[in-house]
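Engineer: I'd like to ask you about the structure that follows.
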Amino acid sequence: MSTEATITPYDGGSSESFIADVATGTVVATAAVAVGTVKFIGGCITLDEKQKEYLKKHREEQRKERASLKLTTQSKLAVVTLNLRDPETLIKTATHMGYTVDPQILSAKKKHDVTTMLKPTGETLTIRKLRTGKISIETDVRIIPNVVRQHSYEQVIEHKGKICQRIDVKKLPDGALLIVGKERNTGQLGGVAEITTKIQKDGTVDVDVSSIKGGRCEEIIKGIAKSVGGECIKSKKKNAYFQVTEEVKKNVRA
């Protein structure tokens, strides 16, 4: 092995993610990345006045949107911020999951960086571009990890398809998805890498780069992180990382 890493799609890193409960106006802490799921746990954090005002306006906007669409109120509506900065790939994933965008809604909301999607069953998904440049998603709290996991899966598959000669996918008993691929041999330094990615149930991506020597594994991990719009929060270098081939040495001297 060369390097192992963990990539999180959730804003907040590896310690905690925060879900804003639109119904109650509170923020509930959830160890989304650590335990591999998104769920409500005991204990609430009091919002300051600015946060309360933001949520109040946000709730009113969503209430009007649902009223215009004649949709029922969801039982556990929640907002999660992702590290992702381009909403287009997330919209594409949602489309694959059966959500559609009303052209009138898209036209009216595009200038506000908001896309509201819905299913025939009445489920809604709101994707919003924040001032920070990151993306937030709002839907039923039970749906959030499914959407994020599907997005991570699709982006990893697309990225590996560009750099690997073969990709094998396996669903594990715990619901995680294991994707194994071997790089195309293009004469790259350090050898041809075998890249194993495990998509956890909440969309977190574990990466294991093996069969190469030197530090090129870091470039591979950065490429995967960029594809899913995630942040690398943990990295462990193996012995092969510090083994430099004669080819690399010559390249350095040159």
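Labels used: A, B, ... for chains in the order of the structure tokens, numbers from 1 for residues in each chain, and numbers from 1 for ligands as shown.
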Please identify all polymer residues within 9 Å of Thr139 (chain A), counting only C-alpha atoms, omitting same-chain residues fewer than 4 positions from it, and present them as a PyMOL selection string.
Structural biologist: chain A and resi 74+76-80+123-126+143-144
Engineer: As an exercise, work out the distance from CA of Gly161 (chain A) to CA of Gly229 (chain A) in Å and give it to one decimal place.
Structural biologist: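 These two atoms are separated by 17.1 Å.
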Engineer: Identify, on the basis of only C-alpha atoms, every residue whose closest approach to Ile167 (chain A) does not exceed 9 Å; exclude the query and any residue fewer than 6 positions from it along the same chain; express the result as a PyMOL selection string.
Structural biologist: chain A and resi 157+160-161+179-182
Engineer: May I have the residues from that selection written out with C-alpha atoms, as a short mmCIF file (atom, residue, chain, number, x, y, z; two decimals), in the first residue's frame?
Structural biologist:
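Wrote it out as selection.cif, contents follow:
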data_model
loop_
_atom_site.label_atom_id
_atom_site.label_comp_id
_atom_site.auth_asym_id
_atom_site.auth_seq_id
_atom_site.Cartn_x
_atom_site.Cartn_y
_atom_site.Cartn_z
CA ILE A 157 -17.20 6.10 -11.25
CA LYS A 160 -12.11 6.44 -12.50
CA GLY A 161 -13.51 5.82 -15.96
CA ILE A 179 -15.00 0.35 -6.33
CA VAL A 180 -11.67 -1.09 -7.47
CA GLY A 181 -9.81 0.19 -10.51
CA LYS A 182 -6.34 -0.12 -12.03
#
Engineer: Please list as a VMD selection string every residue within 7 Å of Cys232 (chain A), counting only C-alpha atoms and excluding residues in the same chain fewer than 3 positions away.
Structural biologist: chain A and resid 5 to 8 225
Engineer: Name the closest residue to Leu177 (chain A) among the candidates A:Asp206, A:Glu194, A:Glu218, A:Asp113; distances are taken between atoms, counting only C-alpha atoms.
Structural biologist: A:Asp206
Engineer: Per DSSP on the backbone, filter region 132-164 of chain A down to the residues in strand (DSSP E) and report them as an MDAnalysis selection string.
Structural biologist: chainID A and resid 135:140 164
Engineer: Counting only C-alpha atoms, figure out which residue out of A:Gln155, A:Arg184, A:Val114, A:Asp202 gets nearest to Arg131 (chain A).
Structural biologist: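 For Arg131 (chain A), the nearest of the candidates is A:Val114.
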Engineer: For Lys171 (chain A), which residue among A:Ala193, A:Ile199, A:Val148, A:Leu84 is the nearest when counting only C-alpha atoms?
Structural biologist: A:Ile199
Engineer: Give the answer as one residue: which of A:Ser235, A:Asn146, A:Tyr99, A:Glu138 has the shortest atom-to-atom distance to Gly122 (chain A), using only C-alpha atoms?
Structural biologist: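 Of A:Ser235, A:Asn146, A:Tyr99, A:Glu138, the one nearest Gly122 (chain A) is A:Tyr99, counting only C-alpha atoms.
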Engineer: So, counting only C-alpha atoms, which residue among A:Leu189, A:Ile163, A:Ile195, A:Ile233 is closest to Gly215 (chain A)?
Structural biologist: A:Leu189
